[in-house]
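One file, model.cif, carrying mmCIF, C-alpha atoms:
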```cif
data_model
#
loop_
_atom_site.group_PDB
_atom_site.id
_atom_site.type_symbol
_atom_site.label_atom_id
_atom_site.label_comp_id
_atom_site.auth_asym_id
_atom_site.auth_seq_id
_atom_site.Cartn_x
_atom_site.Cartn_y
_atom_site.Cartn_z
ATOM 1 C CA MET A 894 135.117 130.980 225.067
ATOM 2 C CA THR A 895 133.053 127.935 224.288
ATOM 3 C CA THR A 896 129.856 128.937 222.559
ATOM 4 C CA SER A 897 127.043 127.022 224.231
ATOM 5 C CA THR A 898 125.538 126.543 227.658
ATOM 6 C CA ALA A 899 123.536 123.534 226.404
ATOM 7 C CA PRO A 900 125.866 120.921 228.007
ATOM 8 C CA ALA A 901 125.215 122.391 231.458
ATOM 9 C CA ALA A 902 121.457 122.333 230.943
ATOM 10 C CA ALA A 903 121.560 118.730 229.704
ATOM 11 C CA PHE A 904 123.757 117.654 232.605
ATOM 12 C CA ALA A 905 121.425 119.309 235.108
ATOM 13 C CA ARG A 906 118.561 117.162 233.827
ATOM 14 C CA LEU A 907 120.287 113.913 234.812
ATOM 15 C CA ASP A 908 118.796 112.260 237.881
ATOM 16 C CA VAL A 909 120.869 112.348 241.058
ATOM 17 C CA HIS A 910 121.320 109.033 242.850
ATOM 18 C CA HIS A 911 122.966 108.298 246.180
ATOM 19 C CA LEU A 912 125.226 105.454 247.220
ATOM 20 C CA ASP A 913 125.244 104.590 250.900
ATOM 21 C CA ARG A 914 128.721 104.540 252.424
ATOM 22 C CA PRO A 915 129.864 104.272 256.036
ATOM 23 C CA GLU A 916 129.202 107.706 257.617
ATOM 24 C CA GLY A 917 127.216 109.148 254.711
ATOM 25 C CA ARG A 918 126.103 109.062 251.074
ATOM 26 C CA ILE A 919 127.904 109.775 247.819
ATOM 27 C CA ALA A 920 125.920 111.461 245.027
ATOM 28 C CA TYR A 921 126.265 110.332 241.426
ATOM 29 C CA ARG A 922 124.612 110.638 238.036
ATOM 30 C CA VAL A 923 124.668 107.954 235.357
ATOM 31 C CA THR A 924 123.669 107.931 231.711
ATOM 32 C CA GLY A 925 124.180 105.847 228.575
ATOM 33 C CA ASP A 926 124.850 102.193 227.830
ATOM 34 C CA GLY A 927 128.035 100.254 227.277
ATOM 35 C CA PRO A 928 131.334 99.847 229.115
ATOM 36 C CA LEU A 929 131.444 101.857 232.334
ATOM 37 C CA ILE A 930 133.347 105.133 232.688
ATOM 38 C CA VAL A 931 133.447 106.758 236.136
ATOM 39 C CA CYS A 932 134.331 110.465 236.176
ATOM 40 C CA VAL A 933 135.378 112.142 239.413
ATOM 41 C CA PRO A 934 135.839 115.917 239.855
ATOM 42 C CA GLY A 935 138.575 117.555 241.843
ATOM 43 C CA MET A 936 138.658 119.353 245.164
ATOM 44 C CA GLY A 937 136.305 122.325 245.278
ATOM 45 C CA GLU A 938 134.519 121.198 242.130
ATOM 46 C CA ILE A 939 131.219 119.473 241.432
ATOM 47 C CA ALA A 940 130.049 116.750 239.069
ATOM 48 C CA ALA A 941 129.113 119.349 236.447
ATOM 49 C CA SER A 942 132.805 119.949 235.789
ATOM 50 C CA TYR A 943 132.291 117.038 233.361
ATOM 51 C CA ARG A 944 129.232 118.570 231.687
ATOM 52 C CA HIS A 945 131.110 118.775 228.369
ATOM 53 C CA THR A 946 132.703 115.327 228.733
ATOM 54 C CA VAL A 947 129.647 113.209 229.499
ATOM 55 C CA PRO A 948 127.813 113.747 226.173
ATOM 56 C CA ALA A 949 130.901 112.840 224.143
ATOM 57 C CA LEU A 950 131.485 109.620 226.089
ATOM 58 C CA ARG A 951 127.799 108.663 226.063
ATOM 59 C CA GLU A 952 127.481 109.255 222.329
ATOM 60 C CA ALA A 953 130.599 107.132 221.790
ATOM 61 C CA GLY A 954 128.791 104.165 223.330
ATOM 62 C CA PHE A 955 129.726 104.286 227.006
ATOM 63 C CA ARG A 956 127.773 104.224 230.251
ATOM 64 C CA VAL A 957 129.042 107.273 232.114
ATOM 65 C CA ALA A 958 128.777 107.862 235.853
ATOM 66 C CA VAL A 959 129.899 111.088 237.507
ATOM 67 C CA MET A 960 130.214 111.207 241.290
ATOM 68 C CA ASP A 961 130.644 114.086 243.704
ATOM 69 C CA LEU A 962 133.496 113.935 246.184
ATOM 70 C CA ARG A 963 132.632 113.681 249.862
ATOM 71 C CA GLY A 964 131.289 117.009 251.116
ATOM 72 C CA HIS A 965 131.090 118.367 247.567
ATOM 73 C CA GLY A 966 128.185 118.848 245.184
ATOM 74 C CA GLU A 967 125.297 116.751 246.454
ATOM 75 C CA SER A 968 127.341 114.258 248.483
ATOM 76 C CA ASP A 969 127.026 114.299 252.259
ATOM 77 C CA ALA A 970 129.408 116.293 254.441
ATOM 78 C CA THR A 971 129.178 113.860 257.350
ATOM 79 C CA PHE A 972 132.394 111.909 256.869
ATOM 80 C CA SER A 973 135.466 111.746 259.078
ATOM 81 C CA ALA A 974 137.917 111.508 256.152
ATOM 82 C CA TYR A 975 138.142 113.519 252.909
ATOM 83 C CA ASP A 976 141.477 112.487 251.397
ATOM 84 C CA ASP A 977 142.664 110.504 248.376
ATOM 85 C CA VAL A 978 142.185 107.154 250.088
ATOM 86 C CA ALA A 979 138.638 108.002 251.196
ATOM 87 C CA ALA A 980 137.722 109.100 247.671
ATOM 88 C CA GLY A 981 139.413 105.989 246.273
ATOM 89 C CA THR A 982 137.245 103.730 248.417
ATOM 90 C CA ASP A 983 134.156 105.584 247.173
ATOM 91 C CA ILE A 984 135.243 105.100 243.563
ATOM 92 C CA LEU A 985 135.623 101.352 244.085
ATOM 93 C CA ALA A 986 132.279 101.166 245.886
ATOM 94 C CA LEU A 987 130.532 102.950 243.008
ATOM 95 C CA ILE A 988 132.155 100.656 240.429
ATOM 96 C CA ALA A 989 131.014 97.626 242.414
ATOM 97 C CA HIS A 990 127.516 99.083 242.720
ATOM 98 C CA LEU A 991 127.167 99.827 239.005
ATOM 99 C CA GLY A 992 128.976 96.730 237.787
ATOM 100 C CA GLY A 993 132.561 97.152 236.662
ATOM 101 C CA PRO A 994 135.237 97.166 235.628
ATOM 102 C CA ALA A 995 135.464 100.855 234.768
ATOM 103 C CA VAL A 996 137.778 103.378 233.236
ATOM 104 C CA VAL A 997 138.211 106.016 235.944
ATOM 105 C CA VAL A 998 138.631 109.623 234.836
ATOM 106 C CA GLY A 999 139.927 111.778 237.689
ATOM 107 C CA ASN A 1000 140.629 115.501 237.736
ATOM 108 C CA SER A 1001 143.055 117.137 240.192
ATOM 109 C CA MET A 1002 143.051 115.292 243.542
ATOM 110 C CA ALA A 1003 140.601 112.731 242.111
ATOM 111 C CA ALA A 1004 143.473 111.560 239.921
ATOM 112 C CA GLY A 1005 145.328 110.569 243.087
ATOM 113 C CA ALA A 1006 142.214 108.796 244.320
ATOM 114 C CA ALA A 1007 141.944 106.980 240.981
ATOM 115 C CA VAL A 1008 145.570 105.851 241.173
ATOM 116 C CA TRP A 1009 144.998 104.549 244.697
ATOM 117 C CA ALA A 1010 141.862 102.693 243.569
ATOM 118 C CA ALA A 1011 143.671 101.128 240.604
ATOM 119 C CA ALA A 1012 146.397 99.839 242.921
ATOM 120 C CA GLU A 1013 143.957 98.674 245.580
ATOM 121 C CA ASN A 1014 141.713 96.703 243.190
ATOM 122 C CA PRO A 1015 143.298 96.226 239.742
ATOM 123 C CA ALA A 1016 140.405 94.070 238.537
ATOM 124 C CA ALA A 1017 137.953 96.947 239.052
ATOM 125 C CA VAL A 1018 139.880 99.629 237.139
ATOM 126 C CA SER A 1019 140.492 98.939 233.469
ATOM 127 C CA GLY A 1020 142.072 102.303 232.697
ATOM 128 C CA LEU A 1021 142.938 105.722 234.111
ATOM 129 C CA GLY A 1022 142.261 109.099 232.537
ATOM 130 C CA LEU A 1023 144.103 111.684 234.636
ATOM 131 C CA LEU A 1024 143.314 115.375 234.062
ATOM 132 C CA GLY A 1025 145.412 118.097 235.703
ATOM 133 C CA PRO A 1026 146.487 115.303 238.024
ATOM 134 C CA PHE A 1027 147.744 115.471 241.590
ATOM 135 C CA VAL A 1028 149.164 112.003 242.193
ATOM 136 C CA ARG A 1029 151.909 113.274 244.512
ATOM 137 C CA ASN A 1030 152.685 116.410 246.487
ATOM 138 C CA ALA A 1031 153.940 118.121 243.359
ATOM 139 C CA PRO A 1032 156.503 120.944 243.430
ATOM 140 C CA THR A 1033 154.794 124.306 243.910
ATOM 141 C CA ASN A 1034 155.759 127.829 244.862
ATOM 142 C CA PRO A 1035 156.262 127.630 248.670
ATOM 143 C CA PHE A 1036 154.894 131.124 249.311
ATOM 144 C CA ALA A 1037 151.854 130.512 247.102
ATOM 145 C CA ALA A 1038 151.233 127.159 248.784
ATOM 146 C CA ALA A 1039 151.414 128.705 252.261
ATOM 147 C CA THR A 1040 149.095 131.531 251.228
ATOM 148 C CA PHE A 1041 146.610 129.050 249.764
ATOM 149 C CA ARG A 1042 146.566 127.013 252.974
ATOM 150 C CA LEU A 1043 145.875 130.177 254.959
ATOM 151 C CA LEU A 1044 143.063 131.261 252.661
ATOM 152 C CA MET A 1045 141.467 127.837 252.807
ATOM 153 C CA LEU A 1046 140.898 128.062 256.557
ATOM 154 C CA ARG A 1047 137.429 128.743 257.878
ATOM 155 C CA PRO A 1048 135.467 130.995 257.911
ATOM 156 C CA TRP A 1049 136.666 132.492 254.648
ATOM 157 C CA ALA A 1050 137.432 129.268 252.736
ATOM 158 C CA ARG A 1051 134.320 129.436 250.536
ATOM 159 C CA ALA A 1052 134.798 133.066 249.519
ATOM 160 C CA ALA A 1053 138.527 132.539 248.959
ATOM 161 C CA TRP A 1054 137.971 129.486 246.773
ATOM 162 C CA LEU A 1055 135.319 131.171 244.643
ATOM 163 C CA ALA A 1056 137.623 134.162 244.182
ATOM 164 C CA TYR A 1057 140.556 131.902 243.281
ATOM 165 C CA LEU A 1058 138.642 129.677 240.862
ATOM 166 C CA PRO A 1059 138.862 131.987 237.797
ATOM 167 C CA GLN A 1060 142.661 131.873 238.016
ATOM 168 C CA LEU A 1061 142.523 128.145 237.316
ATOM 169 C CA TYR A 1062 141.145 128.985 233.843
ATOM 170 C CA PRO A 1063 144.032 131.031 232.411
ATOM 171 C CA GLY A 1064 143.005 130.335 228.831
ATOM 172 C CA ARG A 1065 139.405 130.556 227.763
ATOM 173 C CA ARG A 1066 136.622 130.103 230.262
ATOM 174 C CA PRO A 1067 133.510 128.147 229.309
ATOM 175 C CA ALA A 1068 130.568 130.268 228.223
ATOM 176 C CA ASP A 1069 128.664 129.089 231.284
ATOM 177 C CA PHE A 1070 131.486 129.719 233.777
ATOM 178 C CA ALA A 1071 129.496 132.242 235.834
ATOM 179 C CA GLU A 1072 126.600 129.816 236.186
ATOM 180 C CA HIS A 1073 128.948 126.970 237.034
ATOM 181 C CA ARG A 1074 130.668 128.990 239.736
ATOM 182 C CA ALA A 1075 127.257 129.919 241.146
ATOM 183 C CA ALA A 1076 126.405 126.206 241.339
ATOM 184 C CA ILE A 1077 129.633 125.582 243.249
ATOM 185 C CA ARG A 1078 128.752 128.425 245.626
ATOM 186 C CA ALA A 1079 125.321 126.906 246.242
ATOM 187 C CA ALA A 1080 126.826 123.473 246.908
ATOM 188 C CA MET A 1081 129.352 124.918 249.347
ATOM 189 C CA SER A 1082 126.557 126.744 251.177
ATOM 190 C CA ARG A 1083 125.038 123.469 252.373
ATOM 191 C CA PRO A 1084 125.486 122.711 256.086
ATOM 192 C CA GLY A 1085 128.961 121.332 256.731
ATOM 193 C CA ALA A 1086 130.117 121.599 253.113
ATOM 194 C CA THR A 1087 132.615 124.427 253.553
ATOM 195 C CA ALA A 1088 134.155 122.685 256.564
ATOM 196 C CA ALA A 1089 134.441 119.466 254.526
ATOM 197 C CA PHE A 1090 136.062 121.414 251.680
ATOM 198 C CA ALA A 1091 138.561 122.990 254.078
ATOM 199 C CA ARG A 1092 139.507 119.524 255.329
ATOM 200 C CA THR A 1093 139.897 118.278 251.754
ATOM 201 C CA THR A 1094 142.467 121.008 251.055
ATOM 202 C CA ARG A 1095 144.781 119.377 253.595
ATOM 203 C CA THR A 1096 145.008 116.128 251.604
ATOM 204 C CA ASP A 1097 148.454 114.491 251.572
ATOM 205 C CA HIS A 1098 148.976 112.994 248.109
ATOM 206 C CA SER A 1099 151.942 110.889 249.227
ATOM 207 C CA LEU A 1100 149.414 108.148 250.034
ATOM 208 C CA ALA A 1101 148.597 107.980 246.334
ATOM 209 C CA GLU A 1102 152.191 108.358 245.166
ATOM 210 C CA LYS A 1103 153.443 105.346 247.079
ATOM 211 C CA ARG A 1104 150.844 103.137 245.310
ATOM 212 C CA ILE A 1105 151.953 104.170 241.796
ATOM 213 C CA PRO A 1106 154.322 101.185 241.356
ATOM 214 C CA GLU A 1107 151.363 98.854 241.959
ATOM 215 C CA VAL A 1108 149.259 100.290 239.115
ATOM 216 C CA SER A 1109 148.984 98.044 236.069
ATOM 217 C CA ALA A 1110 146.072 99.755 234.289
ATOM 218 C CA PRO A 1111 146.820 101.704 231.101
ATOM 219 C CA ALA A 1112 146.713 105.445 231.656
ATOM 220 C CA LEU A 1113 146.277 108.706 229.800
ATOM 221 C CA VAL A 1114 147.594 111.961 231.296
ATOM 222 C CA ILE A 1115 146.058 115.224 230.075
ATOM 223 C CA MET A 1116 147.646 118.415 231.374
ATOM 224 C CA GLY A 1117 147.060 122.075 230.560
ATOM 225 C CA THR A 1118 150.381 123.741 229.846
ATOM 226 C CA ALA A 1119 149.295 126.844 231.802
ATOM 227 C CA ASP A 1120 147.927 124.985 234.838
ATOM 228 C CA PRO A 1121 148.717 127.391 237.710
ATOM 229 C CA ASP A 1122 148.547 124.627 240.319
ATOM 230 C CA PHE A 1123 151.934 123.324 239.148
ATOM 231 C CA SER A 1124 155.256 125.139 238.978
ATOM 232 C CA ASP A 1125 156.099 123.078 235.872
ATOM 233 C CA PRO A 1126 152.960 121.530 234.327
ATOM 234 C CA ARG A 1127 154.839 119.956 231.412
ATOM 235 C CA GLY A 1128 157.425 118.455 233.721
ATOM 236 C CA GLU A 1129 154.773 117.084 236.067
ATOM 237 C CA ALA A 1130 152.860 115.504 233.188
ATOM 238 C CA GLU A 1131 156.041 113.906 231.889
ATOM 239 C CA TRP A 1132 156.934 112.585 235.365
ATOM 240 C CA ILE A 1133 153.501 111.001 235.785
ATOM 241 C CA GLY A 1134 153.706 109.593 232.267
ATOM 242 C CA GLU A 1135 157.028 107.937 233.045
ATOM 243 C CA GLN A 1136 155.867 106.536 236.374
ATOM 244 C CA LEU A 1137 152.641 105.068 234.975
ATOM 245 C CA HIS A 1138 153.956 104.283 231.461
ATOM 246 C CA ALA A 1139 151.133 106.529 230.320
ATOM 247 C CA ARG A 1140 150.369 108.431 227.155
ATOM 248 C CA VAL A 1141 150.661 112.198 227.743
ATOM 249 C CA THR A 1142 148.545 114.850 226.015
ATOM 250 C CA LEU A 1143 149.399 118.507 226.610
ATOM 251 C CA VAL A 1144 146.658 121.079 226.054
ATOM 252 C CA GLU A 1145 148.334 124.330 225.097
ATOM 253 C CA GLY A 1146 147.255 127.322 227.166
ATOM 254 C CA ALA A 1147 144.749 125.401 229.277
ATOM 255 C CA GLY A 1148 144.649 125.475 233.054
ATOM 256 C CA HIS A 1149 143.476 123.056 235.725
ATOM 257 C CA TYR A 1150 140.205 122.021 234.046
ATOM 258 C CA PRO A 1151 141.130 121.221 230.433
ATOM 259 C CA GLN A 1152 137.974 119.129 229.996
ATOM 260 C CA ALA A 1153 135.901 122.305 230.463
ATOM 261 C CA GLU A 1154 138.285 124.799 228.849
ATOM 262 C CA GLN A 1155 139.001 122.885 225.653
ATOM 263 C CA PRO A 1156 136.504 120.018 225.395
ATOM 264 C CA GLU A 1157 136.949 119.872 221.624
ATOM 265 C CA GLN A 1158 140.500 118.604 222.239
ATOM 266 C CA VAL A 1159 140.083 116.694 225.502
ATOM 267 C CA SER A 1160 136.855 114.787 224.803
ATOM 268 C CA PRO A 1161 138.118 113.099 221.606
ATOM 269 C CA ALA A 1162 141.327 112.089 223.404
ATOM 270 C CA LEU A 1163 139.317 110.529 226.238
ATOM 271 C CA VAL A 1164 136.939 108.784 223.826
ATOM 272 C CA ALA A 1165 139.829 107.296 221.848
ATOM 273 C CA PHE A 1166 141.551 106.128 225.031
ATOM 274 C CA CYS A 1167 138.394 104.570 226.463
ATOM 275 C CA ARG A 1168 137.693 102.770 223.185
ATOM 276 C CA GLU A 1169 141.236 101.425 223.097
ATOM 277 C CA VAL A 1170 141.100 100.228 226.721
ATOM 278 C CA THR A 1171 137.637 98.670 226.572
ATOM 279 C CA GLY A 1172 137.647 97.446 222.985
ATOM 280 C CA ALA A 1173 134.374 99.282 222.412
#
```

Would you encode the structure as structure tokens?
Amino acid sequence: MTTSTAPAAAFARLDVHHLDRPEGRIAYRVTGDGPLIVCVPGMGEIAASYRHTVPALREAGFRVAVMDLRGHGESDATFSAYDDVAAGTDILALIAHLGGPAVVVGNSMAAGAAVWAAAENPAAVSGLGLLGPFVRNAPTNPFAAATFRLLMLRPWARAAWLAYLPQLYPGRRPADFAEHRAAIRAAMSRPGATAAFARTTRTDHSLAEKRIPEVSAPALVIMGTADPDFSDPRGEAEWIGEQLHARVTLVEGAGHYPQAEQPEQVSPALVAFCREVTGA
């Protein structure tokens, strides 16, 4: 296990801002100075999933913004769409608001949103850091996928997700995992949040996949070799690497959140990539 809960406490002290969007507001935090990095958590997660990543990027000389997905964390749950394209439009809006271009770091479904954004507005996205990425409807166990869809229906979606979350950390869990999961529970307890989460679970990643040929930004793929969301994590990372001409980093034994499980390996890789892309 990681040995300190200090990153979570420091992240919690960052001010929360809101960006007005059609139908609601997107929450974000921003810290540091320098070239812009926008970090986006995955489905069912909150901005604090990057609590170990933000300090490393900030100390390396970057301005780091972390946004919550629609209906997640402290973002509103008032939207009519919660898919990759919707999240991609929010990413581009935040970059425009803060002054881009930006390297976009996306975890899980946010990687698909980042790919869509990079194709939609190449001038706004200078690089892509993709962690445990869903950029297509990747091969999975059909029975497990069907069971997951059933569990993610209301009214038990919140309880099912919180029970499932530990399985996504098959290696070592962060020292503050219990507190982090409690923060996710609190966020999902907000009015409308669980319903928004349930809708997010039905995202079709083919909308991101078909934009892959349009992406020109350099990319880094980071995949945990034990990520239970993929039937073949190594194979999926290699496929994405080939499609995006990306560098691939495999984190041995890590699951779906390598940035939280093994920040000592992931953060330096992200810092080096961001420096290379931005010239910082």

Mind checking which residues fall within 7 Å of stretch 1076-1087 of chain A, counting only C-alpha atoms, ignoring those fewer than 3 positions away in the same chain, and posting them as number ranges by chain?
A: 938-939, 964-967, 970, 1050-1051, 1072-1073, 1090-1091

Using only C-alpha atoms, I'd like a table of the residues in stretch 969-1044 of chain A that come within 10 Å of stretch 1126-1142 of chain A; for each, show the closest atom pair and its distance in Å rounded to one decimal, ordered by chain and ascending number, as a tab-separated table.
```
residue	atom	partner	partner_atom	distance
A:Val1008	CA	A:Leu1137	CA	9.4
A:Leu1021	CA	A:Ala1139	CA	9.1
A:Gly1022	CA	A:Ala1139	CA	9.5
A:Leu1023	CA	A:Ile1133	CA	9.5
A:Leu1024	CA	A:Ala1130	CA	9.6
A:Gly1025	CA	A:Ala1130	CA	8.3
A:Pro1026	CA	A:Ala1130	CA	8.0
A:Phe1027	CA	A:Glu1129	CA	9.1
A:Val1028	CA	A:Ile1133	CA	7.8
A:Arg1029	CA	A:Ile1133	CA	9.2
A:Ala1031	CA	A:Glu1129	CA	7.4
A:Pro1032	CA	A:Glu1129	CA	8.5
```

For A:Asp983, which of A:Tyr921, A:Tyr1057, A:Phe1070, A:Tyr1062 is the closest residue, counting all atoms listed in the file?
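Selected residue with least distance to A:Asp983: A:Tyr921.
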
Of the candidates A:Gly1005, A:Pro1063, A:Gly981, A:Pro928, which one gets nearest to A:Thr1171 if we count all atoms listed in the file?
A:Pro928

As a check of understanding, name the residues that the PyMOL selection byres ((chain A and resi 1013) around 9) selects in the supplied structure, as a PDB file with C-alpha atoms, in the coordinates of the input.
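Contents of the output file selection-v9.pdb:
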```pdb
ATOM      1  CA  GLY A 981     139.413 105.989 246.273  1.00  0.00           C
ATOM      2  CA  THR A 982     137.245 103.730 248.417  1.00  0.00           C
ATOM      3  CA  LEU A 985     135.623 101.352 244.085  1.00  0.00           C
ATOM      4  CA  VAL A1008     145.570 105.851 241.173  1.00  0.00           C
ATOM      5  CA  TRP A1009     144.998 104.549 244.697  1.00  0.00           C
ATOM      6  CA  ALA A1010     141.862 102.693 243.569  1.00  0.00           C
ATOM      7  CA  ALA A1011     143.671 101.128 240.604  1.00  0.00           C
ATOM      8  CA  ALA A1012     146.397  99.839 242.921  1.00  0.00           C
ATOM      9  CA  ASN A1014     141.713  96.703 243.190  1.00  0.00           C
ATOM     10  CA  PRO A1015     143.298  96.226 239.742  1.00  0.00           C
ATOM     11  CA  ARG A1104     150.844 103.137 245.310  1.00  0.00           C
ATOM     12  CA  GLU A1107     151.363  98.854 241.959  1.00  0.00           C
ATOM     13  CA  VAL A1108     149.259 100.290 239.115  1.00  0.00           C
TER      14      VAL A1108
END
```

Exactly which residues make up the result of the PyMOL selection byres ((chain A and resi 902-918) around 6) on this file, given as a list in words?
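Evaluating the PyMOL selection byres ((chain A and resi 902-918) around 6) on this file yields Ala899, Pro900, Ala901, Ile919, Ala920, Tyr921, Arg922, Arg944, Ser968, Asp969, Thr971 and Phe972 of chain A.
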
What's the separation between atom CA of A:Pro1121 and atom CA of A:Lys1103, in Å to one decimal place?
24.4 Å

Name the residues within 6 Å of (135.5, 107.3, 238.5), counting all atoms listed in the file in the file's coordinates, and put them as a list in words.
Val931, Cys932, Val933, Ile984, Val997 and Val998 of chain A

Centre and edges of the stretch 938-949 of chain A box, axis-aligned, 3 Å extra per side, as lines of an AutoDock Vina configuration file:
```
center_x = 131.2
center_y = 117.0
center_z = 233.1
size_x = 12.7
size_y = 14.4
size_z = 24.0
```

From atom CA of A:Asp1069 to atom CA of A:Ala1147 the spacing works out at 16.6 Å

Mind pulling up the distance from atom CA of A:Thr1093 to atom CA of A:Ala1056?
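Those two atoms sit 17.7 Å apart.
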
Evaluating the PyMOL selection byres ((chain A and resi 1157) around 12) on the displayed file yields which residues, as a count of residues only?
22
